[in-house]
>>> print(open('model29.txt').read())   # compact mmCIF, C-alpha atoms
# COMPACT_ATOMS: atom_id res chain seq x y z
CA MET A 629 16.99 -6.59 16.10
CA SER A 630 13.79 -4.81 17.21
CA ARG A 631 13.45 -1.05 16.99
CA VAL A 632 13.67 -0.78 20.79
CA ALA A 633 16.75 -3.00 20.99
CA LEU A 634 18.41 -0.99 18.24
CA ALA A 635 17.58 2.29 19.97
CA LEU A 636 18.99 1.02 23.26
CA ALA A 637 22.11 -0.24 21.51
CA LEU A 638 22.69 3.20 20.02
CA VAL A 639 22.17 4.85 23.41
CA LEU A 640 24.62 2.43 24.96
CA GLY A 641 27.14 2.99 22.21
CA PHE A 642 27.35 6.73 22.26
CA ALA A 643 27.08 6.97 26.04
CA VAL A 644 29.94 4.56 26.69
CA ALA A 645 32.08 5.88 23.87
CA GLY A 646 31.44 9.49 24.71
CA GLY A 647 31.96 9.30 28.45
CA VAL A 648 30.39 11.99 30.60
CA ALA A 649 32.63 14.99 31.02
CA HIS A 650 32.96 17.69 28.37
CA ALA A 651 35.50 20.48 28.39
CA ASP A 652 32.91 23.24 28.66
CA GLU A 653 30.87 21.52 31.39
CA PRO A 654 31.07 22.02 35.16
CA GLN A 655 32.41 19.38 37.46
CA VAL A 656 30.38 17.16 39.76
CA SER A 657 30.25 18.30 43.37
CA ARG A 658 32.78 16.98 45.86
CA ALA A 659 30.13 15.05 47.80
CA VAL A 660 29.28 12.73 44.89
CA ALA A 661 32.63 12.78 43.11
CA LYS A 662 33.95 9.52 44.55
CA SER A 663 30.78 7.55 43.77
CA LEU A 664 30.49 8.94 40.26
CA LYS A 665 34.19 8.33 39.53
CA ALA A 666 33.63 4.70 40.44
CA ALA A 667 30.48 4.59 38.32
CA ASN A 668 32.32 6.06 35.32
CA ASP A 669 35.15 3.53 35.68
CA ALA A 670 32.57 0.75 35.83
CA LEU A 671 30.84 2.13 32.75
CA GLN A 672 34.04 2.02 30.74
CA ALA A 673 34.61 -1.54 31.98
CA LYS A 674 31.00 -2.42 31.01
CA ASN A 675 30.26 -3.47 34.58
CA TYR A 676 26.68 -2.24 34.43
CA ASP A 677 25.52 -3.58 37.79
CA GLU A 678 28.29 -1.57 39.43
CA VAL A 679 27.30 1.52 37.44
CA ILE A 680 23.75 1.22 38.74
CA ALA A 681 24.90 0.62 42.31
CA LYS A 682 27.32 3.58 42.38
CA THR A 683 24.94 6.02 40.68
CA ARG A 684 22.21 5.09 43.15
CA GLU A 685 24.74 5.64 45.93
CA ALA A 686 25.40 9.11 44.53
CA ALA A 687 21.68 9.80 44.19
CA ALA A 688 21.24 9.19 47.92
CA ILE A 689 23.76 11.92 48.81
CA THR A 690 22.51 15.42 49.58
CA PRO A 691 22.85 18.15 48.67
CA ARG A 692 23.40 17.61 44.92
CA THR A 693 23.64 20.00 42.04
CA ALA A 694 21.63 19.88 38.81
CA TYR A 695 24.79 18.76 37.07
CA ASP A 696 25.25 15.95 39.59
CA ASP A 697 21.78 14.67 38.73
CA TYR A 698 22.48 14.97 35.03
CA VAL A 699 25.63 12.83 35.33
CA ILE A 700 23.84 10.26 37.51
CA HIS A 701 21.05 9.75 34.98
CA TYR A 702 23.39 9.98 32.01
CA MET A 703 25.39 7.01 33.30
CA GLN A 704 22.31 5.11 34.40
CA MET A 705 20.86 5.39 30.91
CA PRO A 706 23.36 3.05 29.15
CA ALA A 707 23.57 0.77 32.17
CA PHE A 708 19.83 0.11 32.18
CA ALA A 709 19.85 -0.09 28.38
CA ALA A 710 22.51 -2.81 28.50
CA LYS A 711 20.27 -4.80 30.84
CA SER A 712 17.22 -4.26 28.59
CA ASN A 713 15.42 -2.54 31.44
CA TYR A 714 13.14 -0.40 29.31
CA ALA A 715 11.28 1.37 32.10
CA GLU A 716 14.40 2.49 33.94
CA THR A 717 16.13 3.45 30.69
CA ALA A 718 13.18 5.65 29.81
CA SER A 719 13.17 7.23 33.26
CA ALA A 720 16.88 8.03 32.97
CA ILE A 721 16.44 9.58 29.53
CA GLU A 722 13.40 11.59 30.62
CA ALA A 723 15.43 12.97 33.49
CA ILE A 724 18.08 14.46 31.14
CA ILE A 725 16.24 15.03 27.86
CA ASP A 726 15.66 18.72 28.57
CA SER A 727 18.87 19.29 30.51
CA GLN A 728 21.02 22.22 29.53
CA TYR A 729 23.99 19.88 29.75
CA LEU A 730 22.79 17.37 27.15
CA PRO A 731 24.72 17.77 23.86
CA ALA A 732 22.30 18.93 21.15
CA ASN A 733 23.32 16.20 18.72
CA MET A 734 22.18 13.51 21.17
CA LYS A 735 18.67 14.86 21.67
CA PRO A 736 17.00 13.53 18.49
CA GLN A 737 18.26 9.99 19.11
CA LEU A 738 17.22 10.00 22.77
CA LEU A 739 13.76 11.30 21.92
CA ARG A 740 13.48 8.61 19.29
CA THR A 741 14.53 6.01 21.88
CA LEU A 742 11.80 7.23 24.23
CA MET A 743 9.31 6.98 21.38
CA SER A 744 10.38 3.40 20.64
CA ILE A 745 10.19 2.34 24.28
CA ASP A 746 6.76 3.88 24.82
CA TYR A 747 5.47 2.33 21.60
CA GLN A 748 6.78 -1.05 22.71
CA GLN A 749 5.07 -0.57 26.07
CA LYS A 750 1.85 0.41 24.24
CA ASP A 751 1.84 3.92 25.70
CA TYR A 752 0.94 5.31 22.29
CA ASP A 753 0.15 8.86 23.39
CA LYS A 754 3.63 9.25 24.85
CA ALA A 755 5.12 7.61 21.77
CA ILE A 756 3.40 10.24 19.62
CA THR A 757 4.66 13.06 21.83
CA TYR A 758 8.27 11.91 21.80
CA GLY A 759 8.18 10.98 18.12
CA GLN A 760 6.94 14.44 17.17
CA ARG A 761 9.57 16.01 19.42
CA ALA A 762 12.26 13.87 17.78
CA LEU A 763 11.21 15.06 14.33
CA ALA A 764 11.15 18.68 15.51
CA ALA A 765 14.65 18.20 16.95
CA GLY A 766 15.99 17.07 13.59
CA ASP A 767 15.57 13.29 13.61
CA LEU A 768 15.80 12.14 10.00
CA SER A 769 15.04 8.47 10.61
CA THR A 770 12.44 7.02 8.26
CA ASP A 771 11.08 4.90 11.11
CA THR A 772 10.07 7.82 13.30
CA PRO A 773 7.19 9.21 11.19
CA LEU A 774 6.00 5.65 10.58
CA ILE A 775 5.87 4.84 14.31
CA VAL A 776 4.07 8.13 15.00
CA ALA A 777 1.48 7.38 12.32
CA GLN A 778 1.01 3.84 13.63
CA ALA A 779 0.57 5.20 17.15
CA PHE A 780 -2.08 7.61 15.88
CA TYR A 781 -3.86 4.68 14.24
CA LEU A 782 -3.75 2.59 17.41
CA THR A 783 -5.30 5.46 19.39
CA ASN A 784 -8.12 5.76 16.83
CA LYS A 785 -6.84 9.09 15.53
CA TYR A 786 -7.32 8.03 11.93
CA LYS A 787 -7.24 11.49 10.40
CA GLU A 788 -3.77 12.16 11.82
CA ALA A 789 -2.62 8.64 10.93
CA LEU A 790 -3.83 9.05 7.34
CA ALA A 791 -2.04 12.38 6.95
CA GLY A 792 1.16 10.91 8.33
CA MET A 793 1.06 7.81 6.16
CA GLU A 794 0.20 9.72 2.99
CA ALA A 795 3.19 11.97 3.69
CA ILE A 796 5.42 8.89 4.01
CA VAL A 797 4.11 7.50 0.72
CA ALA A 798 4.59 10.86 -1.00
CA ARG A 799 8.16 11.07 0.32
CA ASP A 800 8.98 7.66 -1.11
CA GLU A 801 7.43 8.52 -4.46
CA GLN A 802 9.29 11.83 -4.68
CA ALA A 803 12.53 9.98 -3.99
CA GLY A 804 11.79 7.52 -6.77
CA ARG A 805 11.20 4.66 -4.34
CA LYS A 806 8.33 2.19 -4.38
CA PRO A 807 6.14 2.87 -1.33
CA ALA A 808 6.20 0.07 1.21
CA GLU A 809 3.28 -2.34 0.98
CA LYS A 810 2.69 -1.94 4.72
CA SER A 811 2.48 1.85 4.34
CA LEU A 812 -0.09 1.63 1.55
CA ASN A 813 -2.14 -0.87 3.52
CA LEU A 814 -2.20 1.47 6.51
CA VAL A 815 -3.31 4.36 4.29
CA TRP A 816 -6.09 2.18 2.92
CA SER A 817 -7.18 1.08 6.40
CA CYS A 818 -7.25 4.68 7.68
CA ALA A 819 -9.28 5.78 4.67
CA LEU A 820 -11.83 3.02 5.30
CA LYS A 821 -12.14 4.05 8.95
CA LEU A 822 -12.73 7.65 7.86
CA LYS A 823 -15.06 6.62 4.99
CA ASP A 824 -12.75 8.58 2.69
CA ASP A 825 -13.50 6.82 -0.59
CA ALA A 826 -11.07 8.95 -2.60
CA ALA A 827 -8.13 8.19 -0.30
CA ALA A 828 -9.05 4.50 -0.20
CA ALA A 829 -9.20 4.35 -3.99
CA ARG A 830 -5.77 6.02 -4.29
CA ALA A 831 -4.26 3.56 -1.85
CA VAL A 832 -5.72 0.50 -3.55
CA GLU A 833 -4.63 1.76 -6.96
CA LYS A 834 -1.07 2.13 -5.71
CA LEU A 835 -1.20 -1.33 -4.14
CA ILE A 836 -2.36 -2.74 -7.47
CA LEU A 837 0.36 -0.87 -9.34
CA HIS A 838 3.21 -1.90 -7.06
CA TYR A 839 1.92 -5.15 -5.52
CA PRO A 840 -0.66 -6.62 -7.96
CA LYS A 841 -2.06 -9.31 -5.68
CA PRO A 842 -5.56 -10.80 -6.06
CA ASP A 843 -6.69 -9.45 -2.68
CA TYR A 844 -5.91 -5.88 -3.74
CA TRP A 845 -7.81 -6.38 -6.96
CA ARG A 846 -10.77 -7.66 -4.97
CA ASN A 847 -10.63 -4.54 -2.82
CA ALA A 848 -10.50 -2.35 -5.91
CA MET A 849 -13.44 -4.10 -7.50
CA ALA A 850 -15.54 -4.19 -4.32
CA GLY A 851 -16.75 -0.62 -4.76
CA VAL A 852 -17.55 -1.23 -8.40
CA LEU A 853 -19.54 -4.37 -7.70
CA ALA A 854 -21.31 -2.83 -4.71
CA ASN A 855 -23.15 -0.55 -7.12
CA LYS A 856 -23.94 -3.22 -9.67
CA THR A 857 -24.74 -1.57 -12.95
CA THR A 858 -27.73 -2.28 -15.16
CA ASP A 859 -25.54 -1.48 -18.16
CA ASP A 860 -24.62 -4.91 -19.53
CA ARG A 861 -21.81 -3.46 -21.61
CA LEU A 862 -20.19 -1.96 -18.56
CA LEU A 863 -20.77 -5.13 -16.56
CA LEU A 864 -19.14 -7.22 -19.27
CA MET A 865 -16.12 -4.92 -19.25
CA THR A 866 -15.96 -5.33 -15.47
CA TYR A 867 -16.12 -9.11 -15.73
CA ARG A 868 -13.41 -9.05 -18.40
CA LEU A 869 -11.09 -7.22 -16.04
CA MET A 870 -11.87 -9.59 -13.16
CA ALA A 871 -11.14 -12.54 -15.41
CA GLN A 872 -7.90 -10.99 -16.59
CA VAL A 873 -6.56 -10.42 -13.08
CA GLY A 874 -7.74 -13.80 -11.82
CA ILE A 875 -10.50 -12.81 -9.39
CA LEU A 876 -13.55 -13.98 -11.32
CA SER A 877 -14.27 -17.05 -9.22
CA ARG A 878 -17.99 -17.78 -9.07
CA GLY A 879 -19.60 -20.03 -11.61
CA ALA A 880 -22.64 -17.75 -11.72
CA ASP A 881 -20.46 -14.81 -12.75
CA PHE A 882 -18.85 -16.83 -15.55
CA THR A 883 -22.30 -17.79 -16.79
CA GLU A 884 -23.59 -14.24 -16.63
CA MET A 885 -20.51 -12.96 -18.43
CA ALA A 886 -20.91 -15.56 -21.16
CA GLN A 887 -24.61 -14.75 -21.61
CA ILE A 888 -23.91 -11.01 -21.92
CA ALA A 889 -21.10 -11.66 -24.42
CA LEU A 890 -23.45 -13.85 -26.46
CA ASP A 891 -26.21 -11.23 -26.34
CA GLN A 892 -23.73 -8.64 -27.64
CA GLY A 893 -22.80 -10.81 -30.61
CA ASN A 894 -19.57 -12.27 -29.24
CA PRO A 895 -20.06 -16.05 -29.00
CA GLY A 896 -16.32 -16.68 -29.26
CA GLU A 897 -15.73 -14.89 -25.96
CA ALA A 898 -18.77 -16.63 -24.43
CA GLN A 899 -17.34 -20.01 -25.40
CA THR A 900 -13.92 -19.21 -23.95
CA ILE A 901 -15.29 -18.02 -20.63
CA LEU A 902 -17.64 -20.99 -20.18
CA GLU A 903 -14.90 -23.45 -21.03
CA GLN A 904 -12.72 -21.81 -18.39
CA ALA A 905 -15.49 -22.22 -15.82
CA PHE A 906 -15.83 -25.92 -16.60
CA THR A 907 -12.05 -26.39 -16.47
CA LYS A 908 -12.04 -24.79 -13.01
CA ASN A 909 -14.94 -27.05 -11.88
CA LEU A 910 -16.93 -24.00 -10.74
CA TYR A 911 -20.34 -25.57 -11.23
CA THR A 912 -20.99 -27.70 -8.17
CA GLU A 913 -24.77 -27.94 -8.34
CA ALA A 914 -26.19 -30.36 -10.89
CA HIS A 915 -28.79 -27.84 -12.06
CA ASP A 916 -26.17 -25.11 -12.63
CA LYS A 917 -23.86 -27.50 -14.41
CA GLU A 918 -26.62 -28.74 -16.70
CA ARG A 919 -27.84 -25.23 -17.52
CA SER A 920 -24.33 -23.98 -18.20
CA GLN A 921 -23.56 -26.99 -20.37
CA ARG A 922 -26.63 -26.24 -22.51
CA LEU A 923 -25.43 -22.65 -22.84
CA LEU A 924 -21.94 -23.82 -23.78
CA ASP A 925 -23.34 -26.13 -26.48
CA LYS A 926 -25.31 -23.20 -27.84
CA VAL A 927 -22.39 -20.77 -27.91
CA ARG A 928 -20.13 -23.32 -29.55
CA ARG A 929 -22.57 -23.58 -32.47
CA SER A 930 -22.94 -19.80 -32.60
CA ALA A 931 -19.17 -19.31 -32.45
CA ALA A 932 -18.60 -21.66 -35.37
CA ASP A 933 -21.18 -19.78 -37.46
CA ASP A 934 -19.83 -16.39 -36.39
CA ARG A 935 -16.23 -17.27 -37.21
CA ALA A 936 -17.27 -18.23 -40.76
CA THR A 937 -19.21 -15.00 -41.38
CA LEU A 938 -16.85 -12.50 -39.73
CA PRO A 939 -15.00 -11.45 -42.93
CA LYS A 940 -18.29 -10.65 -44.67
CA ALA A 941 -19.62 -8.82 -41.60
CA GLU A 942 -16.41 -6.78 -41.47
CA ARG A 943 -16.83 -5.69 -45.10
CA GLU A 944 -20.39 -4.65 -44.45
CA ALA A 945 -19.39 -2.73 -41.32
CA SER A 946 -16.72 -0.89 -43.32
CA ASN A 947 -19.48 0.55 -45.53
CA ALA A 948 -21.68 1.62 -42.62
CA ALA A 949 -22.18 5.27 -41.65
CA THR A 950 -20.86 4.78 -38.12
CA GLY A 951 -17.90 2.94 -36.66
CA ASP A 952 -19.86 0.89 -34.12
CA GLY A 953 -20.06 -2.17 -36.36
CA LEU A 954 -16.31 -2.29 -36.90
CA VAL A 955 -15.69 -1.92 -33.18
CA GLN A 956 -17.97 -4.87 -32.44
CA ILE A 957 -16.28 -6.90 -35.17
CA GLY A 958 -13.04 -6.12 -33.38
CA ALA A 959 -14.56 -7.31 -30.09
CA ALA A 960 -15.49 -10.56 -31.83
CA TYR A 961 -11.91 -10.97 -33.06
CA LEU A 962 -10.75 -10.52 -29.45
CA GLY A 963 -13.15 -13.29 -28.47
CA PHE A 964 -11.53 -15.55 -31.06
CA SER A 965 -8.02 -14.68 -29.78
CA GLN A 966 -7.07 -12.71 -32.89
CA PRO A 967 -5.79 -9.46 -31.34
CA ASP A 968 -4.06 -8.21 -34.51
CA LYS A 969 -7.31 -8.29 -36.50
CA ALA A 970 -9.16 -6.88 -33.49
CA LEU A 971 -6.79 -3.91 -33.29
CA ALA A 972 -7.19 -3.12 -36.99
CA SER A 973 -10.99 -3.34 -36.90
CA ILE A 974 -11.46 -1.35 -33.69
CA SER A 975 -9.02 1.34 -34.83
CA ALA A 976 -10.89 1.65 -38.13
CA GLY A 977 -14.22 1.90 -36.31
CA ILE A 978 -12.99 4.66 -34.02
CA ALA A 979 -11.51 6.52 -37.00
CA LYS A 980 -14.86 6.31 -38.79
CA GLY A 981 -16.52 8.00 -35.82
CA ASN A 982 -20.18 8.61 -34.98
CA LEU A 983 -19.87 6.06 -32.21
CA LYS A 984 -22.75 5.22 -29.90
CA TYR A 985 -20.48 3.60 -27.30
CA THR A 986 -17.38 5.76 -27.30
CA ASP A 987 -16.02 4.75 -23.89
CA GLU A 988 -16.50 1.06 -24.60
CA SER A 989 -14.76 1.48 -27.97
CA TYR A 990 -11.65 2.97 -26.38
CA MET A 991 -11.60 0.29 -23.70
CA LEU A 992 -11.79 -2.41 -26.36
CA LEU A 993 -8.99 -0.62 -28.20
CA GLY A 994 -6.92 -0.69 -25.01
CA ILE A 995 -7.51 -4.43 -24.60
CA ALA A 996 -6.51 -5.01 -28.22
CA TYR A 997 -3.30 -3.02 -27.78
CA GLN A 998 -2.57 -4.86 -24.54
CA ARG A 999 -2.99 -8.26 -26.18
CA ASN A 1000 -0.69 -7.06 -28.94
CA LYS A 1001 1.84 -6.29 -26.17
CA ASN A 1002 1.78 -2.54 -26.74
CA THR A 1003 1.38 -1.33 -23.17
CA ALA A 1004 1.99 2.36 -23.84
CA GLU A 1005 -0.78 2.59 -26.45
CA ALA A 1006 -3.08 0.44 -24.33
CA ILE A 1007 -2.78 2.89 -21.44
CA LYS A 1008 -3.44 5.83 -23.76
CA ALA A 1009 -6.59 4.14 -25.06
CA PHE A 1010 -7.89 3.30 -21.60
CA ASN A 1011 -7.30 6.88 -20.48
CA ARG A 1012 -9.49 8.14 -23.34
CA ALA A 1013 -12.50 6.23 -22.02
CA ASN A 1014 -13.51 9.10 -19.78
CA ASN A 1015 -16.87 10.47 -20.92
CA ASP A 1016 -18.94 8.50 -18.41
CA PRO A 1017 -17.53 8.43 -14.84
CA LYS A 1018 -18.58 4.78 -14.42
CA TYR A 1019 -16.65 3.75 -17.51
CA ALA A 1020 -13.76 6.01 -16.54
CA ARG A 1021 -13.46 4.20 -13.21
CA ILE A 1022 -13.18 0.78 -14.85
CA ALA A 1023 -10.91 2.14 -17.57
CA LYS A 1024 -8.55 3.51 -14.92
CA LEU A 1025 -8.32 0.04 -13.38
CA TRP A 1026 -7.65 -1.45 -16.80
CA ALA A 1027 -4.82 1.07 -17.25
CA LEU A 1028 -3.40 0.10 -13.85
CA GLU A 1029 -3.53 -3.55 -14.83
CA ALA A 1030 -1.62 -2.72 -18.01
CA ARG A 1031 1.04 -0.88 -15.99
CA SER A 1032 1.41 -3.47 -13.24
>>> encode(input="model29.txt", output="structure tokens")
Amino acid sequence: MSRVALALALVLGFAVAGGVAHADEPQVSRAVAKSLKAANDALQAKNYDEVIAKTREAAAITPRTAYDDYVIHYMQMPAFAAKSNYAETASAIEAIIDSQYLPANMKPQLLRTLMSIDYQQKDYDKAITYGQRALAAGDLSTDTPLIVAQAFYLTNKYKEALAGMEAIVARDEQAGRKPAEKSLNLVWSCALKLKDDAAAARAVEKLILHYPKPDYWRNAMAGVLANKTTDDRLLLMTYRLMAQVGILSRGADFTEMAQIALDQGNPGEAQTILEQAFTKNLYTEAHDKERSQRLLDKVRRSAADDRATLPKAEREASNAATGDGLVQIGAAYLGFSQPDKALASISAGIAKGNLKYTDESYMLLGIAYQRNKNTAEAIKAFNRANNDPKYARIAKLWALEARS
């Protein structure tokens, strides 16, 4: 059932069940009494055409009192609602919404019904007005603030829409509920319209956390890739994350990632990434395929040599003055799918200290913990990669990936 249909059903329900007269209310005037008695009988019998006919008969009688008009519109409201006549239902409600005779407990629902009808009819300004009035009158429906925010968005009032949607998300989070995917998407869209990078980043991060879909990861990485770094270490860490979440899709990116890994002394990782690219048939041009195959042949030879010399290199790194060598040995172990050895080596390197690449070291530590299925420690490690804002941004995304 649509929101409008539900709202009309509720109007119909309490109007028919509640009747019209209340003990502390005046009586209709004698001139319209007969017509309105017939209309009320028809309402109880659910003969809505007769209700409309008799109330219109009463409306043609003069003079009438304010209470006569209230009763006429009150009975017309459920009759038009039952016939799904949105425009006339709205007119009837508008005629009584500020009446002194309307019971206070009915006002929030009727305002909400007006909001729903106007939204359905694409009169978004009126929908906003009635939605805000409904909230002020005590409407506790979760739909009302959402419809108001959507109406703001559809009238290009993105600042108001963003504030409304962020409040909805915050309410869900405070209640321990997962924010709705639609709500987070609307926050993100508003932030983009406003060029509010911080709000957009928050929305995408929450989408990744709660709904880790490839499209959301692409959105998260778009800002990172738009300012492509000249730091190959940072770029490699970015490519690693893209590969992990399944959005590294271009053959050229696989090749570049493999070349950087090889340049940094990690042929095992270079071999793995190139083999993945060939398995996915990402090289469609003969030239690219031939060049990448030559690179793969090279890294396979280098990987075989590296694997044989790693224990000796680890011993030498243990005697070095800084921990960088041990960290890179650990990265090599990750490339050879030996996360337990990687964790031990990277941890030892960080403990030794005097690191040149502190942020990278903690990110590698986080990856090692993650591959050892220790999510809590992985997140802690990623969060410690915060000296350089560029690394901190990627590290935060790694932490989100670990949590999702």
>>> residues_around(input="model29.txt", residues="range 985-990 of chain A", least_positions_apart="5", cutoff="8 Å", atoms="all atoms listed in the file", output="list in words")
Arg861, Leu862, Asp952, Val955, Ile974, Ile978, Ala1009, Phe1010, Arg1012, Ala1013, Asn1014, Asn1015, Asp1016, Tyr1019 and Ala1020 of chain A
>>> residues_around(input="model29.txt", residues="range 812-822 of chain A", least_positions_apart="6", cutoff="12 Å", atoms="all atoms listed in the file", output="JSON, numbers by chain")
{"A": [774, 775, 777, 778, 779, 780, 781, 782, 783, 784, 785, 786, 787, 788, 789, 790, 791, 792, 793, 794, 795, 796, 797, 798, 800, 801, 806, 828, 829, 830, 831, 832, 833, 834, 835, 836, 837, 838, 839, 843, 844, 847, 848, 851]}
>>> residues_around(input="model29.txt", residues="range 1028-1031 of chain A", least_positions_apart="5", cutoff="12 Å", atoms="only C-alpha atoms", output="count of residues only")
44
>>> residues_around(input="model29.txt", residues="Leu864 in chain A", least_positions_apart="3", cutoff="12 Å", atoms="only C-alpha atoms", output="ChimeraX atom specification")
/A:853,856-861,867-871,876,881-892,894,897-898,901,959,988,991-992,1019,1022
>>> atom_distance(input="model29.txt", atom1="CA of Tyr747 in chain A", atom2="CA of Asp767 in chain A")
16.9 Å
>>> residues_around(input="model29.txt", residues="Leu938 in chain A", least_positions_apart="6", cutoff="9 Å", atoms="all atoms listed in the file", output="ChimeraX atom specification")
/A:957,960-961
>>> closest_atom_pairs(input="model29.txt", of="range 729-763 of chain A", to="range 708-716 of chain A", cutoff="10 Å", atoms="all atoms listed in the file", output="CSV")
residue,atom,partner,partner_atom,distance
A:Thr741,CA,A:Tyr714,CA,9.9
A:Leu742,CA,A:Tyr714,CA,9.3
A:Ser744,CA,A:Tyr714,CA,9.9
A:Ile745,CA,A:Tyr714,CA,6.4
A:Asp746,CA,A:Tyr714,CA,8.9
A:Gln748,CA,A:Tyr714,CA,9.2
A:Gln749,CA,A:Tyr714,CA,8.7
>>> closest_residue(input="model29.txt", among="A:Arg740, A:Lys754, A:Lys980, A:Arg922", to="Asn947 in chain A", atoms="only C-alpha atoms")
A:Lys980
>>> atom_distance(input="model29.txt", atom1="CA of Arg761 in chain A", atom2="CA of Ala723 in chain A")
15.5 Å
>>> atom_distance(input="model29.txt", atom1="CA of Asp825 in chain A", atom2="CA of Pro773 in chain A")
23.9 Å
>>> closest_residue(input="model29.txt", among="A:Ala661, A:Leu1025, A:Ala732, A:Val656", to="Met849 in chain A", atoms="all atoms listed in the file")
A:Leu1025
>>> closest_residue(input="model29.txt", among="A:Pro654, A:Gly879, A:Gly893, A:Gly951", to="Asp916 in chain A", atoms="all atoms listed in the file")
A:Gly879
>>> decode(input="model29.txt", residues="range 897-916 of chain A", atoms="N, CA and C atoms", output="PDB file, in the first residue's frame")
ATOM      1  N   GLU A 897      54.034 -10.621  -4.916  1.00  0.00           N
ATOM      2  CA  GLU A 897      52.778  -9.898  -5.093  1.00  0.00           C
ATOM      3  C   GLU A 897      52.578  -9.540  -6.560  1.00  0.00           C
ATOM      4  N   ALA A 898      53.670  -9.128  -7.233  1.00  0.00           N
ATOM      5  CA  ALA A 898      53.573  -8.785  -8.659  1.00  0.00           C
ATOM      6  C   ALA A 898      53.101  -9.983  -9.469  1.00  0.00           C
ATOM      7  N   GLN A 899      53.622 -11.155  -9.160  1.00  0.00           N
ATOM      8  CA  GLN A 899      53.211 -12.362  -9.869  1.00  0.00           C
ATOM      9  C   GLN A 899      51.730 -12.643  -9.647  1.00  0.00           C
ATOM     10  N   THR A 900      51.297 -12.563  -8.404  1.00  0.00           N
ATOM     11  CA  THR A 900      49.888 -12.843  -8.082  1.00  0.00           C
ATOM     12  C   THR A 900      48.955 -11.910  -8.824  1.00  0.00           C
ATOM     13  N   ILE A 901      49.285 -10.616  -8.840  1.00  0.00           N
ATOM     14  CA  ILE A 901      48.372  -9.651  -9.442  1.00  0.00           C
ATOM     15  C   ILE A 901      48.328  -9.801 -10.952  1.00  0.00           C
ATOM     16  N   LEU A 902      49.470 -10.095 -11.583  1.00  0.00           N
ATOM     17  CA  LEU A 902      49.475 -10.299 -13.038  1.00  0.00           C
ATOM     18  C   LEU A 902      48.734 -11.570 -13.422  1.00  0.00           C
ATOM     19  N   GLU A 903      48.897 -12.608 -12.641  1.00  0.00           N
ATOM     20  CA  GLU A 903      48.181 -13.852 -12.935  1.00  0.00           C
ATOM     21  C   GLU A 903      46.673 -13.650 -12.816  1.00  0.00           C
ATOM     22  N   GLN A 904      46.248 -12.834 -11.866  1.00  0.00           N
ATOM     23  CA  GLN A 904      44.828 -12.512 -11.742  1.00  0.00           C
ATOM     24  C   GLN A 904      44.330 -11.789 -12.993  1.00  0.00           C
ATOM     25  N   ALA A 905      45.130 -10.849 -13.485  1.00  0.00           N
ATOM     26  CA  ALA A 905      44.729 -10.097 -14.680  1.00  0.00           C
ATOM     27  C   ALA A 905      44.575 -11.019 -15.882  1.00  0.00           C
ATOM     28  N   PHE A 906      45.492 -11.965 -16.035  1.00  0.00           N
ATOM     29  CA  PHE A 906      45.380 -12.894 -17.158  1.00  0.00           C
ATOM     30  C   PHE A 906      44.186 -13.823 -16.985  1.00  0.00           C
ATOM     31  N   THR A 907      43.916 -14.246 -15.758  1.00  0.00           N
ATOM     32  CA  THR A 907      42.756 -15.103 -15.504  1.00  0.00           C
ATOM     33  C   THR A 907      41.460 -14.388 -15.856  1.00  0.00           C
ATOM     34  N   LYS A 908      41.437 -13.063 -15.602  1.00  0.00           N
ATOM     35  CA  LYS A 908      40.236 -12.260 -15.883  1.00  0.00           C
ATOM     36  C   LYS A 908      40.164 -11.813 -17.346  1.00  0.00           C
ATOM     37  N   ASN A 909      41.181 -12.182 -18.157  1.00  0.00           N
ATOM     38  CA  ASN A 909      41.223 -11.785 -19.570  1.00  0.00           C
ATOM     39  C   ASN A 909      41.119 -10.265 -19.746  1.00  0.00           C
ATOM     40  N   LEU A 910      41.893  -9.535 -18.949  1.00  0.00           N
ATOM     41  CA  LEU A 910      41.824  -8.072 -18.972  1.00  0.00           C
ATOM     42  C   LEU A 910      42.668  -7.443 -20.070  1.00  0.00           C
ATOM     43  N   TYR A 911      43.542  -8.218 -20.670  1.00  0.00           N
ATOM     44  CA  TYR A 911      44.384  -7.662 -21.730  1.00  0.00           C
ATOM     45  C   TYR A 911      43.772  -8.021 -23.083  1.00  0.00           C
ATOM     46  N   THR A 912      43.150  -7.042 -23.697  1.00  0.00           N
ATOM     47  CA  THR A 912      42.447  -7.287 -24.959  1.00  0.00           C
ATOM     48  C   THR A 912      43.278  -6.908 -26.176  1.00  0.00           C
ATOM     49  N   GLU A 913      44.198  -5.987 -26.005  1.00  0.00           N
ATOM     50  CA  GLU A 913      45.070  -5.594 -27.109  1.00  0.00           C
ATOM     51  C   GLU A 913      46.300  -6.502 -27.138  1.00  0.00           C
ATOM     52  N   ALA A 914      46.676  -6.907 -28.337  1.00  0.00           N
ATOM     53  CA  ALA A 914      47.814  -7.831 -28.478  1.00  0.00           C
ATOM     54  C   ALA A 914      49.085  -7.254 -27.880  1.00  0.00           C
ATOM     55  N   HIS A 915      49.307  -5.944 -28.094  1.00  0.00           N
ATOM     56  CA  HIS A 915      50.519  -5.307 -27.567  1.00  0.00           C
ATOM     57  C   HIS A 915      50.538  -5.360 -26.043  1.00  0.00           C
ATOM     58  N   ASP A 916      49.403  -5.023 -25.409  1.00  0.00           N
ATOM     59  CA  ASP A 916      49.324  -5.033 -23.942  1.00  0.00           C
ATOM     60  C   ASP A 916      49.508  -6.442 -23.404  1.00  0.00           C
TER      61      ASP A 916
END
